[in-house]
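Step one of this worksheet: look at the structure below.
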Amino acid sequence: MGPDYFSELIARLADGFLVTLRLLGWSLLFSTVLGTVLGAMRVSPLAPLRFVGTSYVNIFRNTPLVVLFLIVVVGLPGIGFLPDFFWRAVIALSTYTAAFVCECVRSGVNTVDPGQAEAARSIGMGFGASLRFVVLPQAFRAIIPPLVSVYIALTKNTSVAAVFGITEATYQLSNLIRDFPGSLWLNFFGIALGYILIVAVLSTIASWFERRVGVAA
Amino acid sequence: MSTVLFDTPGPRTLARQRIYTVIAVLVIAALLAAALRQLWTKEMITPDQWEAFGEPRILMALLEELILGTLAAAVVAILFAVTFGAVFAAGRLSDRAWIRLPSRAIVEFFRAVPVLLMIFVAYFGFGSTLGLFWSLVLALTLYNGSVLAEIFRAGIQAVPTGQSEAAYAIGMTKSQVMVQILAPQAVRSMLPAIISQCVVALKDTTLGFAIGAPGIVDVGERIYLARVYNNPFAVGIVLAAVFIIINYSLSKLAVYLESRMRQQGTKALHLVDAGGGGG
């Protein structure tokens, strides 16, 4: 366990967390877009759209991520859908996380007092204007804390890609143990530290946002 | 129906909404049909893909692993996690800094690290003595126990302060107040949150697949890898269905308990299930 080991550890952690961050970034983007659309469907006046939103949440929130990975990574190529391994992992992560984003959006809209929208309508604002200037800004402020919890869970969930052979940070553990069998705990704490840093950065951004625009719960 | 976003609709809006509803149904049906057609033509959901699930031998293996692998790991892990959570919640609420700070560090650490990483470490570190099942249980206990510790702490702190003030006023000690006054009231309000955590633990047991621990996903893999079946899609759907049925029922139970508490005037502690620790 000389200087060789530490430079190797740092190099592999850098490799691993680069993949983790790429998985996180793309899944965060896609799940937020999809989850917001589904959330809007769940609060819409049209029954079939609400049904689709509710079914989506019930199906994907209760399915283990490993099983979802199995369907997307192993199953989808069979129907001629063959994006890169990395992108299949992003699809599985985004599909899963969107269900949780959807719930955040829905509960955020529900926290806004109906009187607020009624007041907006009574001064002549239409649906779009009252949504944009009155309801959404208030909903957004209420959403930040739970949404960040979802993103933190997503950060940890990117590790599931390791089960299917993507060499992100968690996968590096077995690599490191193979080459440096004596340093299990150093390897573990090194990788753990990386995740803790990502979680800390997300929490810091969230509390900064909350101070700027948040409301007392 | 009136929500934040729209008023109770009038006759003209109702008529318009009916048209949109029909369009929405048609679009959804078309998308679903296209997806099913693609799955059918690529022989992913044709009858022979489901043959495996008609064989008593395979059904028994699935059931056995579901009960002895997946459910057993989840139940044992939750029982241990409740104990772990109670101990560390008490630690975090302690007046003594040398108990409070380490408890806090341990809880924060295990909450921030992916469960899968802990499963790997438990397996590589203690797997030779613990075996697959207990390595998985150990990792799940540490993660879920830390989350439960936070739930317990929030539950204790949510009990109105008048309760403990009154107890201190009649001369109870701190531990008496905790055990006899605060904990019984807190447990009631925490029940829905604890059940939600059971759902997370059950989903996370599937991560045992990564180290080859027994469980229903392990059987699933053996089915779709078999040359005669080669049906990953069908296996995935069956596995998902099993978990959806169990977890959906658990979630409904949590919602029911919450609504009953609201009737009784107990405020349920609300914690968002943000997607588990890795499954």
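To be explicit about the labels: the chains of the structure tokens are called A, B, and onward in the order shown, and within each one the residues are counted from 1, while ligands get numbers from 1 in the order they are shown.
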
Chain A contacts to chain B at 8 Å (only C-alpha atoms) as a VMD selection string = chain A and resid 43 45 to 49 58 to 59 61 to 68 70 to 71 74 to 76 78 to 80 97 100 109 to 110 112 to 118 127 131 135 146 149 to 150 153 to 154 156 to 160 163 170 173 to 174 184 188 192 195 to 196 199

So which bits of region 33-87 of chain A end up alpha helix (DSSP H) when you DSSP the backbone, as an MDAnalysis selection string?
-> chainID A and resid 33:42 47:62 65:69 85:87

Any chance you can output those residues with N, CA and C atoms as an mmCIF file, in the first residue's frame?
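Result file follows (again28.cif):
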```
data_model
loop_
_atom_site.group_PDB
_atom_site.id
_atom_site.type_symbol
_atom_site.label_atom_id
_atom_site.label_comp_id
_atom_site.auth_asym_id
_atom_site.auth_seq_id
_atom_site.Cartn_x
_atom_site.Cartn_y
_atom_site.Cartn_z
ATOM 1 N N VAL A 33 -37.935 16.254 -16.669
ATOM 2 C CA VAL A 33 -38.854 16.608 -17.753
ATOM 3 C C VAL A 33 -40.054 15.656 -17.761
ATOM 4 N N LEU A 34 -39.762 14.342 -17.772
ATOM 5 C CA LEU A 34 -40.838 13.346 -17.818
ATOM 6 C C LEU A 34 -41.725 13.440 -16.573
ATOM 7 N N GLY A 35 -41.096 13.587 -15.402
ATOM 8 C CA GLY A 35 -41.851 13.660 -14.158
ATOM 9 C C GLY A 35 -42.753 14.881 -14.107
ATOM 10 N N THR A 36 -42.281 16.011 -14.654
ATOM 11 C CA THR A 36 -43.092 17.224 -14.659
ATOM 12 C C THR A 36 -44.305 17.055 -15.568
ATOM 13 N N VAL A 37 -44.076 16.451 -16.746
ATOM 14 C CA VAL A 37 -45.195 16.190 -17.660
ATOM 15 C C VAL A 37 -46.222 15.283 -16.986
ATOM 16 N N LEU A 38 -45.737 14.211 -16.354
ATOM 17 C CA LEU A 38 -46.649 13.281 -15.663
ATOM 18 C C LEU A 38 -47.364 13.975 -14.507
ATOM 19 N N GLY A 39 -46.642 14.841 -13.791
ATOM 20 C CA GLY A 39 -47.252 15.579 -12.685
ATOM 21 C C GLY A 39 -48.366 16.474 -13.191
ATOM 22 N N ALA A 40 -48.104 17.131 -14.333
ATOM 23 C CA ALA A 40 -49.138 17.981 -14.936
ATOM 24 C C ALA A 40 -50.343 17.147 -15.336
ATOM 25 N N MET A 41 -50.083 15.916 -15.850
ATOM 26 C CA MET A 41 -51.196 15.041 -16.220
ATOM 27 C C MET A 41 -52.032 14.679 -14.990
ATOM 28 N N ARG A 42 -51.344 14.467 -13.856
ATOM 29 C CA ARG A 42 -52.071 14.047 -12.658
ATOM 30 C C ARG A 42 -52.963 15.141 -12.089
ATOM 31 N N ALA A 47 -59.805 13.036 -17.193
ATOM 32 C CA ALA A 47 -59.696 11.774 -16.454
ATOM 33 C C ALA A 47 -58.679 10.798 -17.053
ATOM 34 N N PRO A 48 -58.658 10.591 -18.388
ATOM 35 C CA PRO A 48 -57.700 9.606 -18.916
ATOM 36 C C PRO A 48 -56.244 9.994 -18.655
ATOM 37 N N LEU A 49 -55.948 11.287 -18.718
ATOM 38 C CA LEU A 49 -54.574 11.726 -18.441
ATOM 39 C C LEU A 49 -54.226 11.478 -16.980
ATOM 40 N N ARG A 50 -55.194 11.783 -16.093
ATOM 41 C CA ARG A 50 -54.950 11.511 -14.673
ATOM 42 C C ARG A 50 -54.701 10.033 -14.450
ATOM 43 N N PHE A 51 -55.471 9.185 -15.171
ATOM 44 C CA PHE A 51 -55.337 7.737 -15.025
ATOM 45 C C PHE A 51 -53.931 7.286 -15.438
ATOM 46 N N VAL A 52 -53.454 7.831 -16.567
ATOM 47 C CA VAL A 52 -52.107 7.463 -17.034
ATOM 48 C C VAL A 52 -51.062 7.867 -15.999
ATOM 49 N N GLY A 53 -51.182 9.084 -15.475
ATOM 50 C CA GLY A 53 -50.221 9.560 -14.484
ATOM 51 C C GLY A 53 -50.220 8.691 -13.238
ATOM 52 N N THR A 54 -51.432 8.375 -12.748
ATOM 53 C CA THR A 54 -51.536 7.561 -11.535
ATOM 54 C C THR A 54 -50.971 6.159 -11.770
ATOM 55 N N SER A 55 -51.321 5.559 -12.921
ATOM 56 C CA SER A 55 -50.825 4.208 -13.207
ATOM 57 C C SER A 55 -49.307 4.213 -13.275
ATOM 58 N N TYR A 56 -48.764 5.218 -13.953
ATOM 59 C CA TYR A 56 -47.303 5.299 -14.093
ATOM 60 C C TYR A 56 -46.640 5.296 -12.716
ATOM 61 N N VAL A 57 -47.142 6.150 -11.836
ATOM 62 C CA VAL A 57 -46.544 6.254 -10.505
ATOM 63 C C VAL A 57 -46.657 4.925 -9.759
ATOM 64 N N ASN A 58 -47.850 4.312 -9.791
ATOM 65 C CA ASN A 58 -48.038 3.061 -9.059
ATOM 66 C C ASN A 58 -47.170 1.936 -9.600
ATOM 67 N N ILE A 59 -46.991 1.912 -10.923
ATOM 68 C CA ILE A 59 -46.177 0.847 -11.516
ATOM 69 C C ILE A 59 -44.698 1.060 -11.193
ATOM 70 N N PHE A 60 -44.178 2.241 -11.482
ATOM 71 C CA PHE A 60 -42.726 2.407 -11.421
ATOM 72 C C PHE A 60 -42.205 2.700 -10.019
ATOM 73 N N ARG A 61 -43.065 3.206 -9.128
ATOM 74 C CA ARG A 61 -42.583 3.441 -7.777
ATOM 75 C C ARG A 61 -42.456 2.115 -7.022
ATOM 76 N N ASN A 62 -43.260 1.135 -7.420
ATOM 77 C CA ASN A 62 -43.273 -0.134 -6.679
ATOM 78 C C ASN A 62 -42.412 -1.214 -7.312
ATOM 79 N N LEU A 65 -35.668 -1.227 -8.773
ATOM 80 C CA LEU A 65 -34.857 -0.674 -9.855
ATOM 81 C C LEU A 65 -34.089 -1.770 -10.590
ATOM 82 N N VAL A 66 -33.664 -2.809 -9.861
ATOM 83 C CA VAL A 66 -32.934 -3.910 -10.497
ATOM 84 C C VAL A 66 -33.797 -4.570 -11.571
ATOM 85 N N VAL A 67 -35.090 -4.769 -11.255
ATOM 86 C CA VAL A 67 -35.998 -5.406 -12.203
ATOM 87 C C VAL A 67 -36.213 -4.500 -13.410
ATOM 88 N N LEU A 68 -36.325 -3.199 -13.154
ATOM 89 C CA LEU A 68 -36.488 -2.253 -14.256
ATOM 90 C C LEU A 68 -35.247 -2.254 -15.155
ATOM 91 N N PHE A 69 -34.078 -2.303 -14.537
ATOM 92 C CA PHE A 69 -32.824 -2.407 -15.298
ATOM 93 C C PHE A 69 -32.836 -3.678 -16.147
ATOM 94 N N PHE A 85 -25.109 0.864 -24.034
ATOM 95 C CA PHE A 85 -25.322 0.363 -22.683
ATOM 96 C C PHE A 85 -25.586 1.506 -21.705
ATOM 97 N N PHE A 86 -24.740 2.539 -21.805
ATOM 98 C CA PHE A 86 -24.859 3.706 -20.929
ATOM 99 C C PHE A 86 -26.249 4.324 -21.029
ATOM 100 N N TRP A 87 -26.741 4.480 -22.261
ATOM 101 C CA TRP A 87 -28.033 5.154 -22.438
ATOM 102 C C TRP A 87 -29.189 4.294 -21.972
#
```

Neighbours of region 131-148 of chain B within 6 Å (only C-alpha atoms; same-chain residues fewer than 5 positions away dropped), as number ranges by chain?
-> B: 73, 77, 80-81, 84-85, 107, 110-111, 118-119, 122-123, 208, 213
